[in-house]
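Structure file protein_10.txt with compact mmCIF, C-alpha atoms and all ligand atoms:
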```
# COMPACT_ATOMS: atom_id res chain seq x y z
CA MET A 47 0.00 0.00 0.00
CA SER A 48 1.11 3.53 -0.69
CA ASP A 49 1.54 6.08 2.07
CA ARG A 50 -0.34 8.65 0.01
CA THR A 51 -3.41 10.27 1.44
CA VAL A 52 -6.55 9.62 -0.56
CA LEU A 53 -7.74 12.92 -1.97
CA HIS A 54 -11.42 13.66 -2.47
CA VAL A 55 -12.25 16.50 -4.88
CA LYS A 56 -15.78 17.76 -4.48
CA GLY A 57 -17.82 20.44 -6.22
CA ARG A 58 -17.81 20.65 -9.99
CA VAL A 59 -15.36 18.32 -11.70
CA LEU A 60 -15.03 19.55 -15.29
CA ALA A 61 -14.15 16.18 -16.81
CA GLY A 62 -14.94 17.43 -20.31
CA PRO A 63 -16.48 20.48 -21.94
CA GLU A 64 -19.91 18.80 -21.66
CA ASP A 65 -19.07 16.36 -18.86
CA VAL A 66 -19.48 17.82 -15.38
CA ARG A 67 -19.38 15.52 -12.37
CA ASP A 68 -19.83 16.05 -8.64
CA GLU A 69 -16.66 14.45 -7.30
CA LEU A 70 -13.59 12.36 -7.91
CA TRP A 71 -10.88 10.72 -5.83
CA ALA A 72 -7.15 10.39 -6.24
CA VAL A 73 -5.86 7.05 -5.02
CA ASP A 74 -2.17 6.16 -5.39
CA GLY A 75 -1.79 9.15 -7.67
CA ARG A 76 -4.57 8.12 -10.08
CA ILE A 77 -8.08 9.37 -10.67
CA THR A 78 -11.08 7.29 -9.79
CA TYR A 79 -14.78 8.09 -9.81
CA GLU A 80 -15.55 5.19 -7.45
CA ARG A 81 -15.48 6.11 -3.78
CA PRO A 82 -12.57 4.26 -2.13
CA PRO A 83 -12.88 2.85 1.39
CA GLY A 84 -11.39 4.72 4.35
CA GLU A 85 -10.45 8.29 5.14
CA ALA A 86 -9.87 10.98 2.57
CA LEU A 87 -8.77 14.60 2.54
CA THR A 88 -11.54 16.66 0.90
CA VAL A 89 -10.98 19.78 -1.19
CA SER A 90 -13.75 21.69 -2.97
CA GLY A 91 -14.16 23.87 -6.02
CA TRP A 92 -14.18 23.75 -9.78
CA ALA A 93 -11.63 21.21 -11.03
CA LEU A 94 -9.99 21.27 -14.45
CA PRO A 95 -7.39 18.87 -15.81
CA GLY A 96 -3.86 20.23 -15.31
CA LEU A 97 -3.45 23.01 -17.86
CA VAL A 98 -1.32 22.57 -20.96
CA ASP A 99 1.23 25.12 -22.14
CA ALA A 100 1.87 23.87 -25.66
CA HIS A 101 4.71 26.29 -26.36
CA CYS A 102 7.05 26.67 -23.43
CA HIS A 103 10.81 26.34 -23.05
CA VAL A 104 12.27 24.83 -19.90
CA GLY A 105 16.05 25.04 -19.61
CA LEU A 106 16.36 28.18 -21.71
CA ASP A 107 16.57 31.91 -21.11
CA GLN A 108 17.35 34.88 -23.37
CA HIS A 109 21.03 33.90 -23.52
CA GLY A 110 20.69 30.16 -24.13
CA PRO A 111 20.87 27.09 -21.88
CA VAL A 112 20.48 27.54 -18.10
CA SER A 113 21.46 25.53 -15.00
CA ASP A 114 19.25 22.77 -13.57
CA GLU A 115 18.45 25.09 -10.64
CA VAL A 116 17.02 27.70 -13.03
CA SER A 117 15.16 25.02 -15.03
CA GLU A 118 13.61 23.81 -11.78
CA LYS A 119 12.46 27.34 -10.90
CA GLN A 120 10.92 27.72 -14.38
CA ALA A 121 9.04 24.43 -14.03
CA LEU A 122 7.82 25.37 -10.53
CA THR A 123 6.57 28.74 -11.77
CA ASP A 124 4.61 27.01 -14.53
CA ARG A 125 3.25 24.45 -12.08
CA ASP A 126 2.10 27.08 -9.60
CA ALA A 127 0.19 28.81 -12.41
CA GLY A 128 -1.66 25.53 -13.11
CA THR A 129 0.44 24.29 -16.06
CA LEU A 130 0.95 20.60 -15.38
CA LEU A 131 1.74 19.51 -18.94
CA VAL A 132 4.28 21.34 -21.09
CA ARG A 133 5.07 20.81 -24.73
CA ASP A 134 8.64 22.06 -24.71
CA ALA A 135 9.03 23.79 -28.07
CA GLY A 136 12.82 23.51 -28.17
CA SER A 137 15.54 23.57 -25.52
CA PRO A 138 19.32 23.23 -25.66
CA SER A 139 19.37 21.85 -22.08
CA ASP A 140 18.95 18.24 -21.07
CA THR A 141 15.88 18.38 -18.81
CA ARG A 142 15.30 14.61 -18.70
CA TRP A 143 15.91 14.61 -14.92
CA ILE A 144 12.57 16.40 -14.50
CA ASP A 145 10.76 13.20 -15.56
CA ALA A 146 11.74 11.58 -12.25
CA ARG A 147 10.28 14.45 -10.21
CA GLU A 148 6.67 13.80 -9.21
CA ASP A 149 6.36 17.40 -8.00
CA LEU A 150 7.17 19.00 -11.39
CA PRO A 151 5.02 19.31 -14.52
CA LYS A 152 5.17 16.59 -17.16
CA ILE A 153 7.12 17.59 -20.26
CA ILE A 154 6.74 16.54 -23.89
CA ARG A 155 9.99 17.57 -25.56
CA ALA A 156 10.76 18.64 -29.11
CA GLY A 157 14.52 18.27 -28.68
CA ARG A 158 16.60 21.29 -29.64
CA HIS A 159 15.49 23.91 -32.19
CA ILE A 160 16.78 23.34 -35.74
CA ALA A 161 17.57 26.59 -37.56
CA ARG A 162 19.48 27.85 -40.58
CA THR A 163 23.01 29.07 -39.90
CA ARG A 164 22.93 32.58 -38.37
CA ARG A 165 19.14 32.70 -38.76
CA TYR A 166 17.98 32.47 -35.14
CA ILE A 167 18.67 33.67 -31.60
CA ARG A 168 22.27 32.86 -30.61
CA ASN A 169 22.96 29.77 -28.47
CA TYR A 170 19.48 28.30 -28.97
CA ALA A 171 19.48 26.07 -32.02
CA HIS A 172 21.43 23.60 -34.06
CA GLU A 173 22.36 26.02 -36.85
CA ILE A 174 22.72 24.06 -40.06
CA ASP A 175 22.58 24.18 -43.84
CA PRO A 176 19.56 22.68 -45.67
CA GLY A 177 21.57 19.65 -46.81
CA ASP A 178 21.85 18.53 -43.17
CA LEU A 179 18.17 19.01 -42.31
CA VAL A 180 17.06 15.39 -42.64
CA ALA A 181 19.90 14.13 -40.43
CA TYR A 182 19.25 16.71 -37.71
CA VAL A 183 15.51 16.13 -37.76
CA ALA A 184 16.12 12.39 -37.34
CA ARG A 185 18.47 13.07 -34.44
CA GLU A 186 16.06 15.37 -32.59
CA ALA A 187 13.11 13.04 -33.32
CA ARG A 188 15.00 10.30 -31.49
CA ARG A 189 15.99 12.64 -28.66
CA GLY A 190 12.59 14.22 -28.05
CA ASP A 191 9.18 12.96 -26.96
CA GLY A 192 7.40 12.84 -30.29
CA TRP A 193 7.95 16.35 -31.63
CA VAL A 194 10.63 18.15 -33.64
CA LYS A 195 10.94 21.95 -33.79
CA LEU A 196 12.12 23.84 -36.86
CA VAL A 197 12.67 27.56 -37.26
CA GLY A 198 10.63 28.07 -40.42
CA ASP A 199 11.34 31.74 -41.00
CA TRP A 200 13.52 34.45 -39.51
CA ILE A 201 14.98 37.77 -40.51
CA ASP A 202 17.26 37.56 -43.55
CA ARG A 203 19.64 40.44 -42.85
CA ASP A 204 20.59 40.83 -46.51
CA ALA A 205 16.95 41.11 -47.56
CA GLY A 206 16.12 43.21 -44.48
CA ASP A 207 12.89 41.29 -43.83
CA LEU A 208 11.51 37.98 -42.62
CA ALA A 209 12.14 35.18 -45.11
CA ALA A 210 11.53 31.43 -45.32
CA CYS A 211 14.48 29.32 -44.12
CA TRP A 212 14.18 25.99 -45.93
CA PRO A 213 13.84 24.87 -49.54
CA ARG A 214 10.69 22.82 -50.20
CA GLY A 215 12.50 19.60 -51.14
CA GLU A 216 14.59 19.41 -47.97
CA VAL A 217 11.70 20.21 -45.70
CA GLU A 218 9.52 17.57 -47.38
CA ALA A 219 12.20 14.92 -46.88
CA ALA A 220 12.79 16.00 -43.28
CA ILE A 221 9.11 15.90 -42.31
CA ALA A 222 8.73 12.48 -43.95
CA GLU A 223 11.71 11.24 -41.93
CA ALA A 224 10.24 12.60 -38.67
CA HIS A 225 6.93 10.88 -39.41
CA ARG A 226 8.73 7.63 -40.20
CA LEU A 227 10.32 7.88 -36.74
CA GLY A 228 6.94 8.52 -35.12
CA ALA A 229 7.50 12.24 -34.41
CA ARG A 230 5.35 15.21 -35.35
CA VAL A 231 6.93 18.40 -36.65
CA THR A 232 6.25 22.02 -35.80
CA ALA A 233 7.87 25.24 -36.97
CA HIS A 234 8.32 28.78 -35.76
CA CYS A 235 6.77 31.05 -38.43
CA PHE A 236 6.05 34.76 -38.13
CA ALA A 237 5.66 35.62 -41.83
CA GLU A 238 3.41 34.59 -44.69
CA ASP A 239 5.78 33.04 -47.19
CA SER A 240 6.92 29.82 -45.52
CA LEU A 241 3.47 28.54 -44.60
CA ARG A 242 2.24 26.95 -47.82
CA ASP A 243 5.42 24.92 -48.38
CA LEU A 244 5.49 23.67 -44.81
CA VAL A 245 1.84 22.63 -44.80
CA GLU A 246 2.04 20.99 -48.23
CA ALA A 247 5.19 19.22 -47.02
CA GLY A 248 3.06 17.64 -44.27
CA ILE A 249 3.89 19.67 -41.16
CA ASP A 250 1.70 19.04 -38.12
CA CYS A 251 1.68 22.42 -36.37
CA ILE A 252 2.85 26.01 -36.76
CA GLU A 253 3.99 28.16 -33.85
CA HIS A 254 2.89 31.84 -33.77
CA ALA A 255 1.35 31.63 -37.29
CA THR A 256 0.98 35.42 -37.42
CA GLY A 257 1.40 35.26 -41.21
CA LEU A 258 -1.80 33.29 -41.89
CA THR A 259 -3.89 34.87 -44.65
CA ASP A 260 -7.13 34.14 -46.48
CA ASP A 261 -4.99 32.03 -48.85
CA THR A 262 -3.44 29.78 -46.25
CA VAL A 263 -6.16 29.53 -43.56
CA PRO A 264 -8.26 27.09 -45.70
CA LEU A 265 -5.16 24.99 -46.37
CA PHE A 266 -4.48 24.66 -42.62
CA ALA A 267 -8.14 23.80 -42.01
CA GLU A 268 -8.25 21.18 -44.74
CA ARG A 269 -5.08 19.44 -43.52
CA GLY A 270 -5.89 19.84 -39.81
CA VAL A 271 -2.62 21.67 -39.14
CA ALA A 272 -2.78 23.16 -35.64
CA ILE A 273 -1.56 26.59 -34.60
CA VAL A 274 -0.22 27.83 -31.27
CA PRO A 275 -0.55 31.61 -31.56
CA THR A 276 1.43 32.63 -28.42
CA LEU A 277 -0.40 35.98 -28.30
CA VAL A 278 1.35 37.02 -25.07
CA ASN A 279 4.56 36.84 -27.10
CA ILE A 280 3.13 38.56 -30.20
CA ALA A 281 2.34 41.46 -27.84
CA THR A 282 6.11 42.16 -27.79
CA PHE A 283 6.34 42.68 -31.59
CA PRO A 284 6.04 46.51 -31.44
CA HIS A 285 8.89 46.60 -28.92
CA MET A 286 11.01 44.33 -31.15
CA ALA A 287 10.14 46.47 -34.16
CA ASP A 288 11.26 49.64 -32.33
CA GLY A 289 14.59 47.98 -31.55
CA GLY A 290 15.25 46.95 -35.17
CA GLU A 291 13.74 49.98 -36.88
CA ALA A 292 16.99 51.82 -37.69
CA LYS A 293 18.74 48.87 -39.32
CA PHE A 294 15.78 46.95 -40.76
CA PRO A 295 12.84 49.30 -41.43
CA ASP A 296 11.01 46.85 -43.76
CA TRP A 297 11.25 44.10 -41.17
CA ALA A 298 10.02 46.48 -38.45
CA ALA A 299 7.03 47.55 -40.56
CA HIS A 300 6.24 43.90 -41.32
CA MET A 301 6.33 42.96 -37.61
CA ARG A 302 3.97 45.85 -36.80
CA ARG A 303 1.50 44.74 -39.50
CA LEU A 304 1.52 41.17 -38.18
CA TYR A 305 0.97 42.51 -34.67
CA GLU A 306 -1.90 44.76 -35.67
CA ARG A 307 -3.88 42.00 -37.33
CA ARG A 308 -3.08 39.31 -34.74
CA TYR A 309 -6.56 38.95 -33.27
CA ASP A 310 -8.21 38.85 -36.71
CA THR A 311 -5.67 36.22 -37.80
CA VAL A 312 -6.41 33.95 -34.85
CA ARG A 313 -10.15 34.48 -35.13
CA SER A 314 -10.29 33.65 -38.83
CA ALA A 315 -8.23 30.50 -38.27
CA TYR A 316 -10.58 29.45 -35.46
CA ASP A 317 -13.67 30.24 -37.55
CA ALA A 318 -12.31 28.11 -40.41
CA GLY A 319 -11.85 25.13 -38.08
CA VAL A 320 -8.07 25.30 -37.61
CA PRO A 321 -7.18 23.69 -34.25
CA VAL A 322 -5.85 26.44 -31.94
CA PHE A 323 -3.93 25.67 -28.74
CA VAL A 324 -2.60 27.66 -25.79
CA GLY A 325 1.13 28.36 -25.68
CA THR A 326 2.99 31.17 -23.94
CA ASP A 327 6.52 30.95 -25.39
CA ALA A 328 7.87 31.19 -21.84
CA GLY A 329 11.59 30.74 -21.45
CA GLY A 330 13.11 32.84 -24.21
CA SER A 331 12.46 36.42 -23.29
CA LEU A 332 9.04 35.77 -21.74
CA ALA A 333 8.36 34.86 -18.11
CA HIS A 334 7.00 31.47 -17.10
CA GLY A 335 3.54 31.13 -15.59
CA LEU A 336 1.56 33.12 -18.18
CA VAL A 337 -0.91 30.41 -19.16
CA ALA A 338 -3.97 32.25 -17.81
CA ALA A 339 -2.98 35.42 -19.67
CA GLU A 340 -2.73 33.48 -22.95
CA VAL A 341 -6.20 31.95 -22.50
CA ALA A 342 -7.54 35.47 -21.86
CA GLU A 343 -5.85 36.66 -25.08
CA LEU A 344 -7.54 33.90 -27.10
CA VAL A 345 -10.89 35.03 -25.70
CA LYS A 346 -10.00 38.60 -26.61
CA ALA A 347 -9.31 37.40 -30.16
CA GLY A 348 -12.89 36.14 -30.28
CA ILE A 349 -12.64 32.47 -29.34
CA PRO A 350 -15.55 31.44 -27.07
CA ALA A 351 -14.52 30.85 -23.44
CA LEU A 352 -15.25 27.11 -23.45
CA ASP A 353 -13.13 26.54 -26.57
CA ALA A 354 -10.33 28.72 -25.18
CA LEU A 355 -10.41 26.58 -22.03
CA SER A 356 -10.34 23.42 -24.12
CA ALA A 357 -7.28 24.78 -25.91
CA THR A 358 -5.37 24.48 -22.62
CA ALA A 359 -7.37 21.62 -21.07
CA TRP A 360 -9.31 18.73 -22.66
CA GLY A 361 -8.61 19.57 -26.32
CA ALA A 362 -4.91 20.25 -25.80
CA ARG A 363 -4.45 17.00 -23.89
CA ALA A 364 -6.24 14.96 -26.55
CA TRP A 365 -4.08 16.60 -29.25
CA LEU A 366 -0.91 15.70 -27.34
CA GLY A 367 -2.13 12.16 -26.63
CA ARG A 368 -2.38 12.63 -22.86
CA PRO A 369 -5.42 11.90 -20.68
CA ALA A 370 -7.48 14.58 -18.94
CA LEU A 371 -9.68 13.55 -15.98
CA GLU A 372 -10.45 9.99 -17.11
CA GLU A 373 -10.72 7.04 -14.72
CA GLY A 374 -7.18 5.78 -14.11
CA ALA A 375 -5.40 8.88 -15.43
CA PRO A 376 -2.67 10.52 -13.35
CA ALA A 377 -4.41 12.82 -10.87
CA ASP A 378 -3.09 16.09 -12.31
CA LEU A 379 -5.68 18.79 -11.77
CA VAL A 380 -6.20 22.40 -10.84
CA ILE A 381 -8.95 23.62 -8.54
CA TYR A 382 -10.53 27.07 -8.59
CA ASP A 383 -12.92 28.86 -6.26
CA GLN A 384 -15.08 30.00 -9.16
CA ASP A 385 -16.28 28.58 -12.46
CA PRO A 386 -13.59 29.18 -15.13
CA ARG A 387 -16.20 28.59 -17.87
CA ALA A 388 -18.03 31.71 -16.76
CA ASP A 389 -14.90 33.87 -16.82
CA VAL A 390 -11.50 32.56 -17.92
CA ARG A 391 -9.79 35.18 -15.73
CA VAL A 392 -10.52 32.75 -12.89
CA LEU A 393 -7.54 30.71 -14.21
CA ALA A 394 -5.15 33.36 -12.88
CA ALA A 395 -5.86 32.34 -9.27
CA PRO A 396 -5.91 28.57 -8.74
CA SER A 397 -6.84 27.58 -5.19
CA ARG A 398 -5.15 24.15 -5.29
CA ILE A 399 -2.71 22.43 -7.60
CA VAL A 400 -2.78 18.61 -7.52
CA LEU A 401 0.01 16.69 -9.22
CA ASN A 402 0.12 12.88 -9.19
CA GLY A 403 -2.57 12.93 -6.52
CA ARG A 404 -0.68 15.20 -4.12
CA ILE A 405 -1.49 18.80 -3.26
CA VAL A 406 1.60 20.73 -4.33
CA GLY A 407 0.26 24.26 -4.29
ZN ZN B 1 9.43 29.58 -28.59
```
Mind turning this structure into structure tokens?
Amino acid sequence: MSDRTVLHVKGRVLAGPEDVRDELWAVDGRITYERPPGEALTVSGWALPGLVDAHCHVGLDQHGPVSDEVSEKQALTDRDAGTLLVRDAGSPSDTRWIDAREDLPKIIRAGRHIARTRRYIRNYAHEIDPGDLVAYVAREARRGDGWVKLVGDWIDRDAGDLAACWPRGEVEAAIAEAHRLGARVTAHCFAEDSLRDLVEAGIDCIEHATGLTDDTVPLFAERGVAIVPTLVNIATFPHMADGGEAKFPDWAAHMRRLYERRYDTVRSAYDAGVPVFVGTDAGGSLAHGLVAAEVAELVKAGIPALDALSATAWGARAWLGRPALEEGAPADLVIYDQDPRADVRVLAAPSRIVLNGRIVG
């Protein structure tokens, strides 16, 4: 027998968008809807599955890799905000040790970013030429947890604007190789011009996706390619544009245009049926723990509250192949004093965080 206390969660258990139950129990770290014998510690409120941050970087800051102590602080900050499942969208640090820690969020890794030489933030990525793309994608597919992360576009300093990073043929071969190895592929894309090639090459997801247009939205919808808009990060575009204005005025103007239409972009993708998920882009220049702010941004863009919640809860977990509040699932859940369906701002103040059946916050 385990020494764990049996936890009894009472109130409104939001097991699915349309599936509300009165109570659940956590026994030996797992969820059950059948009352176990004996004593239990009861907590009350509205319970959601542990939130998902589908674009987060643990083990990374603005300068590159960080120490394990800093990685631990990042993971704890996410956890205390209710993020109990992270899709790590690229990290140069080895954070495998976190998997053994029952008190830290679960992480689905995409290995290390793969970028073109001198076409990304320093110290982040494998910086390579297109001829090496297939080999590096295979390597990161084996190293990660079912995802590979490409940098699909970045500023081309000679052109003075954002530009696609990879020729169509190489990216097609690389995505096919990832799929052969059982990994999905995602890419950082701010601009318009890389999207069609990546989607037609079979990519599974696009990060940021600020460059979606009326031409490419239907293509994403038809192929079921997800987007993770990271609106809390897009909010920094004007600041970035100011910084680069003197040297790269075309790039700066482009970034401002993408910023100005960001809510319309997300809303038209959602309206067309493109799967949209919550991601904060924590860990580069952004702070950890912003999951509630990103959900609020999706609502501001025009996504209904229940769908914005699903984008960090039930829907995001299904997309990543992880359970929510099913019988037998790990008891990872967040409890609130008010109904987050009525107002997603409730997510900013969790009353209890439960990870593997234990109250950790
Ligand atoms: Zn990122």
Got a sec: who's within 6 Å of region 114-118 of chain A, counting all atoms listed in the file, leaving out chain neighbours fewer than 2 positions off, as a PyMOL selection string?
-> chain A and resi 104-105+120-121
Save out the residues we just selected, C-alpha atoms, as an mmCIF file, in the frame of the given file.
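Result went into result_3.cif, see below:
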```cif
data_model
loop_
_atom_site.group_PDB
_atom_site.id
_atom_site.type_symbol
_atom_site.label_atom_id
_atom_site.label_comp_id
_atom_site.auth_asym_id
_atom_site.auth_seq_id
_atom_site.Cartn_x
_atom_site.Cartn_y
_atom_site.Cartn_z
ATOM 1 C CA VAL A 104 12.270 24.830 -19.900
ATOM 2 C CA GLY A 105 16.050 25.040 -19.610
ATOM 3 C CA GLN A 120 10.920 27.720 -14.380
ATOM 4 C CA ALA A 121 9.040 24.430 -14.030
#
```
Of the residues A:Gly257, A:Gly361, A:Gly290, A:Gly157, which is the one nearest to Thr311 (chain A), using all atoms listed in the file?
-> A:Gly257
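The interatomic distance for the pair CA of Ser137 (chain A) and CA of Tyr166 (chain A) works out to 13.3 Å.
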Please tabulate, as a tab-separated table, the residues of chain A that come within 10 Å of ligand ZN 1 (chain B), each with its closest pair of atoms and the distance in Å to one decimal, counting all atoms listed in the file and ordering rows by chain, then residue number upward.
```
residue	atom	partner	partner_atom	distance
A:Ala100	CA	B:ZN1	ZN	9.9
A:His101	CA	B:ZN1	ZN	6.2
A:Cys102	CA	B:ZN1	ZN	6.4
A:His103	CA	B:ZN1	ZN	6.6
A:Leu106	CA	B:ZN1	ZN	9.9
A:Asp134	CA	B:ZN1	ZN	8.5
A:Ala135	CA	B:ZN1	ZN	5.8
A:Gly136	CA	B:ZN1	ZN	7.0
A:Ser137	CA	B:ZN1	ZN	9.1
A:His159	CA	B:ZN1	ZN	9.0
A:Lys195	CA	B:ZN1	ZN	9.4
A:Val197	CA	B:ZN1	ZN	9.5
A:Ala233	CA	B:ZN1	ZN	9.6
A:His234	CA	B:ZN1	ZN	7.3
A:Glu253	CA	B:ZN1	ZN	7.7
A:His254	CA	B:ZN1	ZN	8.6
A:Thr276	CA	B:ZN1	ZN	8.6
A:Asn279	CA	B:ZN1	ZN	8.9
A:Gly325	CA	B:ZN1	ZN	8.9
A:Thr326	CA	B:ZN1	ZN	8.1
A:Asp327	CA	B:ZN1	ZN	4.5
A:Ala328	CA	B:ZN1	ZN	7.1
A:Gly329	CA	B:ZN1	ZN	7.5
A:Gly330	CA	B:ZN1	ZN	6.6
A:Ser331	CA	B:ZN1	ZN	9.2
A:Leu332	CA	B:ZN1	ZN	9.2
```
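Residues with any atom within 12 Å of Arg189 (chain A), counting only C-alpha atoms and excluding same-chain neighbours fewer than 5 positions away, are A:Gly136, A:Ser137, A:Pro138, A:Ser139, A:Asp140, A:Thr141, A:Arg142, A:Ile154, A:Arg155, A:Ala156, A:Gly157, A:Arg158, A:His159, A:Tyr182, A:Val183, A:Ala184, A:Val194, A:Lys195, A:Ala224, A:Leu227, A:Gly228, A:Ala229.
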Pick out the residues sitting within 9 Å of Cys251 (chain A), and hand them over as a JSON list (two decimals) with C-alpha atoms, in the coordinates of the input; count only C-alpha atoms, and ignore anything fewer than 5 positions along from it in its own chain.
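Final file, selection-v5.json:
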```
[["chain", "number", "residue", "atom", "x", "y", "z"],
["A", 230, "ARG", "CA", 5.35, 15.21, -35.35],
["A", 231, "VAL", "CA", 6.93, 18.40, -36.65],
["A", 232, "THR", "CA", 6.25, 22.02, -35.80],
["A", 233, "ALA", "CA", 7.87, 25.24, -36.97],
["A", 245, "VAL", "CA", 1.84, 22.63, -44.80],
["A", 270, "GLY", "CA", -5.89, 19.84, -39.81],
["A", 271, "VAL", "CA", -2.62, 21.67, -39.14],
["A", 272, "ALA", "CA", -2.78, 23.16, -35.64],
["A", 273, "ILE", "CA", -1.56, 26.59, -34.60],
["A", 274, "VAL", "CA", -0.22, 27.83, -31.27]]
```
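The environment of Ala364 (chain A) within 12 Å, counting only C-alpha atoms and disregarding residues fewer than 3 places along the same chain, consists of Gly62, Pro95, Val98, Leu131, Pro321, Phe323, Ser356, Ala357, Thr358, Ala359, Trp360, Gly361, Gly367, Arg368, Pro369, Ala370, Leu371 and Glu372 of chain A.
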Output C-alpha atoms of each residue in that selection to a file, as a PDB file, keeping the file's coordinate frame.
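To be explicit, this is the file written out as out_23.pdb:
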```pdb
ATOM      1  CA  GLY A  62     -14.940  17.430 -20.310  1.00  0.00           C
ATOM      2  CA  PRO A  95      -7.390  18.870 -15.810  1.00  0.00           C
ATOM      3  CA  VAL A  98      -1.320  22.570 -20.960  1.00  0.00           C
ATOM      4  CA  LEU A 131       1.740  19.510 -18.940  1.00  0.00           C
ATOM      5  CA  PRO A 321      -7.180  23.690 -34.250  1.00  0.00           C
ATOM      6  CA  PHE A 323      -3.930  25.670 -28.740  1.00  0.00           C
ATOM      7  CA  SER A 356     -10.340  23.420 -24.120  1.00  0.00           C
ATOM      8  CA  ALA A 357      -7.280  24.780 -25.910  1.00  0.00           C
ATOM      9  CA  THR A 358      -5.370  24.480 -22.620  1.00  0.00           C
ATOM     10  CA  ALA A 359      -7.370  21.620 -21.070  1.00  0.00           C
ATOM     11  CA  TRP A 360      -9.310  18.730 -22.660  1.00  0.00           C
ATOM     12  CA  GLY A 361      -8.610  19.570 -26.320  1.00  0.00           C
ATOM     13  CA  GLY A 367      -2.130  12.160 -26.630  1.00  0.00           C
ATOM     14  CA  ARG A 368      -2.380  12.630 -22.860  1.00  0.00           C
ATOM     15  CA  PRO A 369      -5.420  11.900 -20.680  1.00  0.00           C
ATOM     16  CA  ALA A 370      -7.480  14.580 -18.940  1.00  0.00           C
ATOM     17  CA  LEU A 371      -9.680  13.550 -15.980  1.00  0.00           C
ATOM     18  CA  GLU A 372     -10.450   9.990 -17.110  1.00  0.00           C
TER      19      GLU A 372
END
```
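With distances taken over all atoms listed in the file, A:Asp383 is the one residue among A:Glu373, A:Asp383, A:Asp261, A:Asp65 lying closest to Val89 (chain A).
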With a distance cut-off of 7 Å and only C-alpha atoms, select the neighbouring residues of Ala377 (chain A), excluding the residue or stretch itself and same-chain residues fewer than 3 positions from it, and output the selection as a ChimeraX atom specification.
-> /A:72,75-77,400-403
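The space between CA of Arg398 (chain A) and CA of Val55 (chain A) spans 10.4 Å.
Going from CA of Arg391 (chain A) over to CA of His285 (chain A), you cover 25.6 Å.
Shortest separation to Arg363 (chain A) among A:Val324, A:Ala219, A:Ala267, A:Ile252 occurs at residue A:Val324, atoms counted being only C-alpha atoms.
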